[in-house]
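The block underneath contains the structure these notes are about, expressed in structure tokens.
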Amino acid sequence: MKLKGLFRELAKIVGEDGVLWRDEDLMLYEYDALSSLRQPDVVVFPRTTEHVSQIAKLALRHNLPLVARGAGTGLSGGSVATEGGILLVFSRMKQILEIDLEKQRARVQPGVVNLDLSLAVADEGYYYAPDPSSQKACTIGGNVAENSGGPHTLAYGVTTNHVLALEVVLPDGEVIHTGASHWDRPGYDLTGVFVGSEGTLGIVTEATVRLSRKPEAVKTLLAIYNQVVGATRTVAAITARGITPAALEMMDGFTLRAVEEATHAGYPMDCAAVLLIEVEGLKEAVEEHANEIEAVCEENQAREVRRAKSAEERDLLWKGRKTAFGALGRISPNYYVQDGVIPRTRLPEMLEFIGSIEKKYDLHIGNIFHAGDGNLHPLIMYDERNREQTACVIKAAKEIILKCVEMGGSITGEHGVGFEKSDLMPLIFSEDDLALMSRIKNLFNPLGRLNPGKLLPTGKMCGELRGGLAGGGPV
Amino acid sequence: MTLAVDSVRADLAALVGPSQVLTDAAACAALAVDGKVPDCAVSPTAAEQGAAVLRYASEQHLAVIPRGNGTKLSTGNPPRRYDVALSLSELNRVIHYEPADLTITVEAGMVFGEFQNLVGQNGLWLPLDPRGGDKSSIGGIIAANAAGPLRQGFGGPRDMVLGLKIATTDGKIAKTGGRVVKNVAGYDLGKLLTGSFGTLGVMVEASLKLFPKPPERATFTLRAGTLGIARDLRKSILRSPLDALRLVLLDSRATALVSNSTETPEHPGAELWIEVGGSHRVIERCMLELRQLASAVGAPMARLEEAEKAWAHVSNLAHWLQQKYRDATVLKAALPLAASEEFLSRAKQEAEAERIALACFAQVGVGIVHLCALQETLSASLGTWVTRLRQAAADLGGTLIIEHCPVDLKSHVDVWGAGGDDLGAMRKMKSALDTQGVLSPGRFLGGI
């Protein structure tokens with residue numbers, strides 16, 4: 001049988017313990033945090049760049065799809081082998097290869113867990129800035145593929161602002177090195193193109209990233225509101241004062257109650273919304289900014305502004321925020337999370353709109369926003385066994401994303417296009433825009449075998465949110 | 001040019017209007033690049049016209065060099081061909097500006113000084129201090145990924161571009177990215193275009209991230225007797241809790257040049273200039289912190305008056321030198337953070353051996369070193385000096401390019417140096433976006 005032959009060839013490259021092909025094993029790889037989509041034909045665990053290169057050549061010979069996967073925490077279906085084929089899983093390439101604090105650089109394999117890198121340099125007072133909420137599990141390789149964000153990207157930028165160089169295996173097995181550990185290497189910024197290309201141009205086997213120095217002082221504020229509109233107005237008002245907080249997050253009351261029940265972080269149970277605001281830097285600057293922010297919150301009808309009194313209290317507040325998706329998963333069999341972006345000044349209007357959608361379709365929507373940069377994560381609760389309700393979720397989600405587009409925003413701020421949103425791309429890009437992207441894709445991935453069906457429209461199901469919405473992942 | 005100039009002129013006039021095409025000798029001579037004079041100059045007044053010009057050029061195999069205000073066109077190898085100068089200077093409108101969102105969309109030809117004045121009215125800025133300064137165009141700054149010392153605190157153009165509209169050689173206008181501050185929809189072709197020096201497409205519009213201006217800024221100078229002391233200071237500053245907006249090291253000749261002094265430098269060492277920003281109280285704290293770091297290594301410290309003017313000189317040193325020294329050559333080395341001082345000391349030794357007068361300034365917190373060879377006339381040894389320094393940079397894990405030099409030198413030394421194992425991928429990019437090879441041909445890395 002064809003698969004058996006493939007198994008033998010792969011086992012020759014990575015050893016028999018590096019290949020999975022039994023149905024019960026493959027089942028574990030048929031989903032990511034978006035939903036369950038399809039099993040790969042075979043899962044393989046490379047240990048070296050050379051392995052990846054040989055596997056790429058083999059996939060080319062057999063004309064098989066090739067999909068890279070880190071920890072599978074993605075929210076857009078990016079790491080699921082939606083057309084079968086070979087799934088490359090990087091859990092055996094998780095070495096931090098080099099740390100140089102004077103240069104403020106680290107060189108890592110793609111399977112290194114995001115938080116592990118920060119922990120490795122924490123004692124010396126450094127950290128890796130991009131902090132997706134799934135940072136305890138997600139990998140640097142996955143972050144690079146998706147150009148991941150996180151709460152603290154408001155001040156420090158997303159993954160692409162922190163990656164300087166990559167080793168990439170192209171679909172024909174060729175290995176190239178883009179960028180350098182220093183800035184401004186002559187030539188085109190291919191690193192910048194590969195970051196966020198969602199595994200459709202090449203497979204990253206090594207990344208050189210920036211390490212940042214930890215700030216001297218951090219203050220975490222919790223502003224509590226009886227009305228959502230006060231919270232959303234505060235966001236633009238803080239920016240208007242010339243303050244850029246390190247993080248500026250919003251959670252609505254519905255979400256908070258679920259979070260509080262799950263984490264006991266000390267969030268109020270009876271409010272309409274909170275802002276979780278963090279300022280960092282020199283202690284004098286932090287003190288001044290915290291005072292100013294507190295004043296702005298009060299001007300915008302905050303009921304109360306609390307300050308975290310200890311590192312433990314701060315960690316607890318953040319734990320609540322970063323596990324919020326999971327907390328909502330406790331109260332609803334399924335949820336569907338979106339990732340639209342709008343100009344931050346339009347937040348009040350958007351919140352009102354989401355409220356009207358909630359009523360229109362009789363759904364519960366929890367709102368967790370990276371409010372500071374206008375990145376929305378409305379979580380629509382549903383039960384997949386209720387088909388009628390599931391259909392409503394799809395309609396509601398589409399209306400919300402259309403509103404983002406109408407406001408001059410984007411369909412995705414940090415989760416990626418993946419499988420989920422590829423057919424929404426024409427909402428924000430013209431045919432000419434997409435043609436240019438296709439040209440770039442065809443240069444590297446002419447046969448479309450590398451992560452097929454992702455990022456660019458497939459034209460198969462125009463304009464609909466596709467896929468079984470069966471999420472509720474442990475993010 | 002294979003076609004008669006008159007027919008090209010007529011064809012271009014049909015695309016952009018007769019008043020927007022120039023063919024007279026004086027106008028064209030003013031647009032020369034590396035001594036090559038184009039046959040005509042065209043200034044579209046709408047983005048679509050720019051795209052139409054590109055399609056026409058591509059069909060007719062006419063070589064085009066796009067330009068904003070020409071402040072960075074000296075960087076690059078001599079063009080293989082140059083028929084049409086495509087000026088973006090009349091594409092200079094504001095398309096969308098929402099101060100409260102800290103975002104703006106402008107046409108690429110907008111002049112940087114005017115741009116800063118506009119957003120400055122709202123207490124905002126684009127924290128860049130590129131060479132070319134206020135005269136630069138927004139498109140030119142992005143095409144050259146030109147970052148000055150402010151990169152220390154804010155990053156470079158690469159980090160501020162939210163979206164671009166690009167006129168392509170097939171006559172289309174394509175968008176990448178968007179207007180909002182966070183966006184991962186589609187390939188990030190903004191990165192590809194940033195720093196592509198007009199070889200892939202022509203930027204016609206850019207959406208940018210703006211920043212609130214710090215309420216106050218202050219610059220302190222720390223005098224280090226030796227490069228070794230300067231290195232220790234750099235290390236302790238970067239390890240300290242201070243967030244520098246700018247941090248440069250100037251050697252004695254650069255210090256003299258920047259302060260516009262005609263006196264020969266009296267102290268042989270180097271100066272570190274550090275700019276900090278914030279409230280009055282924050283600046284006081286920074287000063288205290290710096291004083292401690294400086295006294296630990298015995299470096300005298302002072303606050304610099306009229307700092308803004310001095311910084312403008314620093315970021316624009318190369319341009320400024322050209323006026324003083326006809327054949328001034330400016331090299332830019334990009335190095336690992338820890339290697340700037342060591343490279344500087346190598347460069348100085350090599351310069352002494354070749355009797356080349358040198359002024360150096362280095363963004364030591366970023367790893368960018370500028371070396372300015374001050375000469376009235378091109379000396380024969382300059383080429384070997386550049387080659388040796390390129391090797392020295394490579395030995396330290398860095399690269400070196402010629403940012404500005406007399407065109408004669410370019411026939412001896414490649415401006416960019418050699419490419420790596422990704423040069424093939426870069427060539428593919430070029431051939432996909434500029435199928436006929438008409439955009440700034442031969443000016444980029446590897447003959448691209």
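FYI, nothing fancy with the structure tokens labels: chains A, B, ... in order, residues from 1 per chain, ligands from 1 as they appear.
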Distance cut-off 6 Å, counting only C-alpha atoms - which residues of chain B neighbour chain A? Return them as number ranges by chain. B: 100-101, 174-175, 180, 182-185, 187-188, 191-192, 196, 212, 241, 282, 335-338, 421-422, 445
For N, CA and C atoms, I'd like the residues from the last selection saved as a PDB file, in the first residue's frame.
ATOM      1  N   ALA B 100      -6.347  60.718  16.639  1.00  0.00           N
ATOM      2  CA  ALA B 100      -6.663  59.943  17.838  1.00  0.00           C
ATOM      3  C   ALA B 100      -6.343  58.460  17.673  1.00  0.00           C
ATOM      4  N   ASP B 101      -6.307  58.004  16.417  1.00  0.00           N
ATOM      5  CA  ASP B 101      -5.939  56.607  16.172  1.00  0.00           C
ATOM      6  C   ASP B 101      -4.435  56.418  16.018  1.00  0.00           C
ATOM      7  N   ALA B 174      -1.412  47.735  -6.342  1.00  0.00           N
ATOM      8  CA  ALA B 174      -1.726  46.678  -5.387  1.00  0.00           C
ATOM      9  C   ALA B 174      -1.496  47.185  -3.977  1.00  0.00           C
ATOM     10  N   LYS B 175      -2.347  46.705  -3.086  1.00  0.00           N
ATOM     11  CA  LYS B 175      -2.265  47.109  -1.681  1.00  0.00           C
ATOM     12  C   LYS B 175      -1.691  45.965  -0.859  1.00  0.00           C
ATOM     13  N   VAL B 180      -4.883  49.928   9.928  1.00  0.00           N
ATOM     14  CA  VAL B 180      -4.929  49.742  11.382  1.00  0.00           C
ATOM     15  C   VAL B 180      -3.589  49.232  11.910  1.00  0.00           C
ATOM     16  N   LYS B 182      -2.645  46.865  13.828  1.00  0.00           N
ATOM     17  CA  LYS B 182      -2.339  45.445  13.995  1.00  0.00           C
ATOM     18  C   LYS B 182      -3.058  44.710  12.875  1.00  0.00           C
ATOM     19  N   ASN B 183      -2.341  43.888  12.127  1.00  0.00           N
ATOM     20  CA  ASN B 183      -2.956  43.318  10.936  1.00  0.00           C
ATOM     21  C   ASN B 183      -2.058  42.200  10.408  1.00  0.00           C
ATOM     22  N   VAL B 184      -2.582  40.991  10.324  1.00  0.00           N
ATOM     23  CA  VAL B 184      -1.763  39.908   9.763  1.00  0.00           C
ATOM     24  C   VAL B 184      -2.438  39.270   8.549  1.00  0.00           C
ATOM     25  N   ALA B 185      -3.333  40.021   7.901  1.00  0.00           N
ATOM     26  CA  ALA B 185      -4.045  39.459   6.748  1.00  0.00           C
ATOM     27  C   ALA B 185      -3.159  39.503   5.500  1.00  0.00           C
ATOM     28  N   TYR B 187       0.236  38.203   2.914  1.00  0.00           N
ATOM     29  CA  TYR B 187       1.687  38.338   3.027  1.00  0.00           C
ATOM     30  C   TYR B 187       2.045  39.776   3.339  1.00  0.00           C
ATOM     31  N   ASP B 188       3.075  39.950   4.143  1.00  0.00           N
ATOM     32  CA  ASP B 188       3.512  41.280   4.543  1.00  0.00           C
ATOM     33  C   ASP B 188       4.476  41.828   3.486  1.00  0.00           C
ATOM     34  N   LYS B 191       7.063  44.705   4.033  1.00  0.00           N
ATOM     35  CA  LYS B 191       8.441  44.429   4.435  1.00  0.00           C
ATOM     36  C   LYS B 191       9.323  44.254   3.202  1.00  0.00           C
ATOM     37  N   LEU B 192       8.769  43.589   2.199  1.00  0.00           N
ATOM     38  CA  LEU B 192       9.548  43.335   0.980  1.00  0.00           C
ATOM     39  C   LEU B 192       9.911  44.655   0.290  1.00  0.00           C
ATOM     40  N   SER B 196      13.803  48.210  -0.487  1.00  0.00           N
ATOM     41  CA  SER B 196      14.046  47.587  -1.798  1.00  0.00           C
ATOM     42  C   SER B 196      14.591  48.594  -2.810  1.00  0.00           C
ATOM     43  N   PRO B 212       3.089  59.555  20.021  1.00  0.00           N
ATOM     44  CA  PRO B 212       3.035  60.827  20.754  1.00  0.00           C
ATOM     45  C   PRO B 212       4.453  61.328  21.027  1.00  0.00           C
ATOM     46  N   PRO B 241      18.303  50.844  33.557  1.00  0.00           N
ATOM     47  CA  PRO B 241      16.861  50.934  33.245  1.00  0.00           C
ATOM     48  C   PRO B 241      16.512  52.077  32.289  1.00  0.00           C
ATOM     49  N   VAL B 282      11.335  62.771  35.085  1.00  0.00           N
ATOM     50  CA  VAL B 282      11.965  61.601  34.472  1.00  0.00           C
ATOM     51  C   VAL B 282      13.343  61.970  33.936  1.00  0.00           C
ATOM     52  N   LEU B 335      26.428  45.680  12.363  1.00  0.00           N
ATOM     53  CA  LEU B 335      27.178  44.705  13.158  1.00  0.00           C
ATOM     54  C   LEU B 335      26.350  44.167  14.319  1.00  0.00           C
ATOM     55  N   PRO B 336      26.778  43.019  14.852  1.00  0.00           N
ATOM     56  CA  PRO B 336      26.172  42.573  16.104  1.00  0.00           C
ATOM     57  C   PRO B 336      26.383  43.649  17.165  1.00  0.00           C
ATOM     58  N   LEU B 337      25.424  43.775  18.069  1.00  0.00           N
ATOM     59  CA  LEU B 337      25.437  44.856  19.058  1.00  0.00           C
ATOM     60  C   LEU B 337      26.766  45.010  19.787  1.00  0.00           C
ATOM     61  N   ALA B 338      27.447  43.918  20.044  1.00  0.00           N
ATOM     62  CA  ALA B 338      28.634  43.996  20.896  1.00  0.00           C
ATOM     63  C   ALA B 338      29.877  44.441  20.133  1.00  0.00           C
ATOM     64  N   ASP B 421      23.032  32.817   0.752  1.00  0.00           N
ATOM     65  CA  ASP B 421      22.348  31.722   0.053  1.00  0.00           C
ATOM     66  C   ASP B 421      20.875  32.041  -0.232  1.00  0.00           C
ATOM     67  N   ASP B 422      20.449  33.244   0.157  1.00  0.00           N
ATOM     68  CA  ASP B 422      19.080  33.649  -0.175  1.00  0.00           C
ATOM     69  C   ASP B 422      19.031  34.583  -1.387  1.00  0.00           C
ATOM     70  N   LEU B 445      21.617  44.734  -4.770  1.00  0.00           N
ATOM     71  CA  LEU B 445      22.491  43.609  -4.439  1.00  0.00           C
ATOM     72  C   LEU B 445      22.521  42.568  -5.566  1.00  0.00           C
TER      73      LEU B 445
END
Would you please give, as a PyMOL selection string, all residues of region 37-253 of chain A that DSSP assigns to strand (DSSP E) based on the backbone? chain A and resi 42-44+66-69+86-89+96-100+105-108+126-127+163-169+175-179+203-210+212-213+217-225+247-252
Applying 8 Å and only C-alpha atoms, which residues near Phe112 (chain B) remain after dropping the ones on its own chain fewer than 6 positions away? List them as a CSV table (one decimal) with N, CA and C atoms, in the first residue's frame.
chain,number,residue,atom,x,y,z
B,133,GLY,N,17.1,64.1,6.0
B,133,GLY,CA,16.3,64.9,6.9
B,133,GLY,C,14.9,65.3,6.4
B,134,ASP,N,14.6,66.6,6.7
B,134,ASP,CA,13.3,67.1,6.3
B,134,ASP,C,13.0,67.1,4.8
B,135,LYS,N,14.1,67.1,4.0
B,135,LYS,CA,13.9,67.1,2.5
B,135,LYS,C,13.5,65.7,2.0
B,136,SER,N,13.7,64.7,2.7
B,136,SER,CA,13.4,63.3,2.3
B,136,SER,C,11.9,63.3,1.9
B,137,SER,N,11.5,62.3,1.1
B,137,SER,CA,10.1,62.0,0.9
B,137,SER,C,9.8,60.8,1.7
B,138,ILE,N,8.5,60.7,2.1
B,138,ILE,CA,8.1,59.5,2.8
B,138,ILE,C,8.4,58.2,2.0
I'd like to know which of B:Leu288, B:Ala254, B:Ile448, B:Ala14 is closest to Phe361 (chain B), using only C-alpha atoms.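 Checking each of B:Leu288, B:Ala254, B:Ile448, B:Ala14 against Phe361 (chain B), counting only C-alpha atoms, the winner is B:Ala254.
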Among region 258-418 of chain A, which residues carry a DSSP assignment of alpha helix (DSSP H), reported as a PyMOL selection string? chain A and resi 258-263+283-299+311-322+324-331+347-361+387-406
Grab the residues selected above and save them as a tab-separated table (two decimals), in the first residue's frame with C-alpha atoms.
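selection10.tsv, freshly written:
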chain	number	residue	atom	x	y	z
A	258	ALA	CA	-16.66	33.26	33.75
A	259	VAL	CA	-13.03	34.22	34.31
A	260	GLU	CA	-13.52	34.91	37.98
A	261	GLU	CA	-15.26	31.62	38.56
A	262	ALA	CA	-12.40	29.80	36.84
A	263	THR	CA	-9.38	31.63	38.26
A	283	LYS	CA	9.65	54.14	38.12
A	284	GLU	CA	9.09	57.91	37.91
A	285	ALA	CA	7.50	57.60	34.46
A	286	VAL	CA	5.39	54.65	35.55
A	287	GLU	CA	4.11	56.53	38.59
A	288	GLU	CA	3.18	59.59	36.51
A	289	HIS	CA	1.50	57.56	33.78
A	290	ALA	CA	-0.42	55.46	36.28
A	291	ASN	CA	-1.74	58.61	37.98
A	292	GLU	CA	-2.72	60.15	34.68
A	293	ILE	CA	-4.42	56.98	33.49
A	294	GLU	CA	-6.31	56.75	36.75
A	295	ALA	CA	-7.57	60.29	36.24
A	296	VAL	CA	-8.61	59.50	32.65
A	297	CYS	CA	-10.51	56.40	33.82
A	298	GLU	CA	-12.33	58.41	36.44
A	299	GLU	CA	-13.20	61.15	33.95
A	311	ALA	CA	3.67	40.75	41.75
A	312	GLU	CA	1.36	37.91	42.80
A	313	GLU	CA	-1.72	40.06	42.40
A	314	ARG	CA	-0.51	41.21	39.00
A	315	ASP	CA	0.19	37.65	37.87
A	316	LEU	CA	-3.25	36.60	38.98
A	317	LEU	CA	-4.94	39.37	37.00
A	318	TRP	CA	-2.97	38.36	33.92
A	319	LYS	CA	-3.69	34.70	34.49
A	320	GLY	CA	-7.37	35.60	34.42
A	321	ARG	CA	-6.93	37.49	31.16
A	322	LYS	CA	-4.75	34.93	29.45
A	324	ALA	CA	-10.20	33.82	29.49
A	325	PHE	CA	-10.92	31.74	26.39
A	326	GLY	CA	-10.66	28.60	28.45
A	327	ALA	CA	-12.89	30.08	31.15
A	328	LEU	CA	-15.61	30.72	28.60
A	329	GLY	CA	-15.11	27.17	27.39
A	330	ARG	CA	-16.29	26.07	30.84
A	331	ILE	CA	-19.69	27.67	30.46
A	347	LEU	CA	-14.53	50.92	19.91
A	348	PRO	CA	-17.67	52.44	21.51
A	349	GLU	CA	-19.57	52.15	18.25
A	350	MET	CA	-18.34	48.60	17.71
A	351	LEU	CA	-19.35	47.41	21.15
A	352	GLU	CA	-22.83	48.76	20.56
A	353	PHE	CA	-22.95	46.96	17.23
A	354	ILE	CA	-21.89	43.64	18.75
A	355	GLY	CA	-24.62	44.11	21.36
A	356	SER	CA	-27.20	44.51	18.63
A	357	ILE	CA	-25.94	41.37	16.88
A	358	GLU	CA	-26.21	39.46	20.14
A	359	LYS	CA	-29.88	40.46	20.38
A	360	LYS	CA	-30.62	39.92	16.70
A	361	TYR	CA	-29.46	36.29	16.74
A	387	ARG	CA	-27.69	23.36	14.05
A	388	GLU	CA	-29.94	26.36	13.94
A	389	GLN	CA	-27.81	28.15	16.49
A	390	THR	CA	-24.62	27.20	14.67
A	391	ALA	CA	-26.00	28.76	11.52
A	392	CYS	CA	-26.74	31.94	13.47
A	393	VAL	CA	-23.16	32.03	14.77
A	394	ILE	CA	-21.84	32.00	11.23
A	395	LYS	CA	-24.15	34.85	10.24
A	396	ALA	CA	-23.35	36.87	13.35
A	397	ALA	CA	-19.62	36.41	12.89
A	398	LYS	CA	-19.85	37.53	9.32
A	399	GLU	CA	-21.76	40.68	10.24
A	400	ILE	CA	-19.15	41.55	12.83
A	401	ILE	CA	-16.27	41.07	10.45
A	402	LEU	CA	-18.04	43.10	7.77
A	403	LYS	CA	-18.42	45.91	10.27
A	404	CYS	CA	-14.67	45.80	10.97
A	405	VAL	CA	-14.00	46.09	7.26
A	406	GLU	CA	-16.49	48.92	6.89
Restricting the calculation to only C-alpha atoms: of B:Leu227, B:Ala362, B:Leu193, B:Val258, which residue gets closest to Leu433 (chain B)? B:Leu193
Just the residues within 8 Å of Asp252 (chain A), please, counting only C-alpha atoms, with nothing from its chain fewer than 5 positions along; format it as an mmCIF file with N, CA and C atoms, in the first residue's frame.
data_model
loop_
_atom_site.group_PDB
_atom_site.id
_atom_site.type_symbol
_atom_site.label_atom_id
_atom_site.label_comp_id
_atom_site.auth_asym_id
_atom_site.auth_seq_id
_atom_site.Cartn_x
_atom_site.Cartn_y
_atom_site.Cartn_z
ATOM 1 N N VAL A 228 -20.283 49.786 29.715
ATOM 2 C CA VAL A 228 -19.218 49.430 28.784
ATOM 3 C C VAL A 228 -18.664 50.666 28.078
ATOM 4 N N ALA A 272 -19.909 45.995 34.311
ATOM 5 C CA ALA A 272 -20.196 45.835 32.880
ATOM 6 C C ALA A 272 -18.922 45.578 32.081
ATOM 7 N N ALA A 273 -17.812 46.110 32.564
ATOM 8 C CA ALA A 273 -16.545 45.912 31.848
ATOM 9 C C ALA A 273 -15.378 46.335 32.725
ATOM 10 N N VAL A 274 -14.215 45.779 32.434
ATOM 11 C CA VAL A 274 -12.985 46.285 33.062
ATOM 12 C C VAL A 274 -11.956 46.558 31.985
ATOM 13 N N GLY A 366 -19.093 37.003 24.410
ATOM 14 C CA GLY A 366 -18.153 37.537 25.389
ATOM 15 C C GLY A 366 -17.133 38.391 24.655
ATOM 16 N N ASN A 367 -16.829 39.566 25.198
ATOM 17 C CA ASN A 367 -15.896 40.454 24.502
ATOM 18 C C ASN A 367 -14.583 40.575 25.252
ATOM 19 N N ILE A 368 -13.530 40.123 24.617
ATOM 20 C CA ILE A 368 -12.180 40.248 25.164
ATOM 21 C C ILE A 368 -11.366 40.969 24.096
#
Residue neighbourhood Thr384 (chain B), 12 Å, only C-alpha atoms, exclusion window fewer than 4 positions, as number ranges by chain: B: 350-351, 353-354, 356, 379-380, 388-391, 409, 412-414
Grab the residues selected above and save them as a PDB file, in the first residue's frame with C-alpha atoms.
ATOM      1  CA  GLU B 350      43.202  50.770   8.524  1.00  0.00           C
ATOM      2  CA  ALA B 351      42.489  54.418   7.752  1.00  0.00           C
ATOM      3  CA  ALA B 353      47.672  53.013   7.366  1.00  0.00           C
ATOM      4  CA  GLU B 354      46.124  54.363   4.173  1.00  0.00           C
ATOM      5  CA  ILE B 356      42.649  58.498   5.059  1.00  0.00           C
ATOM      6  CA  SER B 379      42.442  58.438  -3.595  1.00  0.00           C
ATOM      7  CA  ALA B 380      43.599  55.235  -5.178  1.00  0.00           C
ATOM      8  CA  ARG B 388      39.495  45.390   3.866  1.00  0.00           C
ATOM      9  CA  LEU B 389      36.847  46.976   6.078  1.00  0.00           C
ATOM     10  CA  ARG B 390      34.171  44.831   4.516  1.00  0.00           C
ATOM     11  CA  GLN B 391      36.236  41.827   5.522  1.00  0.00           C
ATOM     12  CA  LEU B 409      34.882  54.128  -6.752  1.00  0.00           C
ATOM     13  CA  HIS B 412      36.114  49.119  -8.314  1.00  0.00           C
ATOM     14  CA  VAL B 413      33.953  47.984  -5.443  1.00  0.00           C
ATOM     15  CA  ASP B 414      30.398  46.691  -5.303  1.00  0.00           C
TER      16      ASP B 414
END
Measure the distance from CA of Glu98 (chain A) to CA of Thr139 (chain A) in Å and round it to one decimal.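 One can read the CA of Glu98 (chain A) to CA of Thr139 (chain A) distance as 16.6 Å.
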Within 10 Å of Leu117 (chain A), counting only C-alpha atoms, which residues qualify if same-chain residues fewer than 6 places away don't, as a PyMOL selection string? chain A and resi 95-96+99+106-108+126-128+139-140+211
Write a file of the just-selected residues containing C-alpha atoms, as a short mmCIF file (atom, residue, chain, number, x, y, z; two decimals), in the first residue's frame.
data_model
loop_
_atom_site.label_atom_id
_atom_site.label_comp_id
_atom_site.auth_asym_id
_atom_site.auth_seq_id
_atom_site.Cartn_x
_atom_site.Cartn_y
_atom_site.Cartn_z
CA GLN A 95 16.55 23.55 21.57
CA ILE A 96 17.53 27.08 22.46
CA ILE A 99 21.73 33.09 23.95
CA ALA A 106 18.70 34.26 20.93
CA ARG A 107 18.87 31.60 18.24
CA VAL A 108 16.20 28.95 18.64
CA TYR A 126 15.69 39.93 29.90
CA TYR A 127 12.65 38.53 28.11
CA TYR A 128 11.21 37.81 24.69
CA THR A 139 6.03 27.64 19.86
CA ILE A 140 8.32 30.25 18.35
CA LEU A 211 15.71 39.76 23.60
#
Show which residues sit within 8 Å of Gly171 (chain B), as a compact mmCIF listing (two decimals) with C-alpha atoms, in the first residue's frame. Count only C-alpha atoms, and ignore same-chain residues fewer than 5 positions away.
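The result, stored in result26.txt:
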# COMPACT_ATOMS: atom_id res chain seq x y z
CA GLU B 48 -2.89 55.40 -11.58
CA ALA B 51 1.17 52.68 -12.77
CA ALA B 52 0.44 53.47 -16.42
CA VAL B 53 3.94 54.89 -16.86
CA LEU B 54 5.42 51.72 -15.39
CA ARG B 55 3.41 49.49 -17.71
CA TYR B 56 4.46 51.57 -20.69
From the options B:Tyr82, B:Trp385, B:Trp416, B:Tyr97, which residue's atoms come nearest to Leu358 (chain B), counting only C-alpha atoms?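 The shortest atom-to-atom distance to Leu358 (chain B) comes from B:Trp385.
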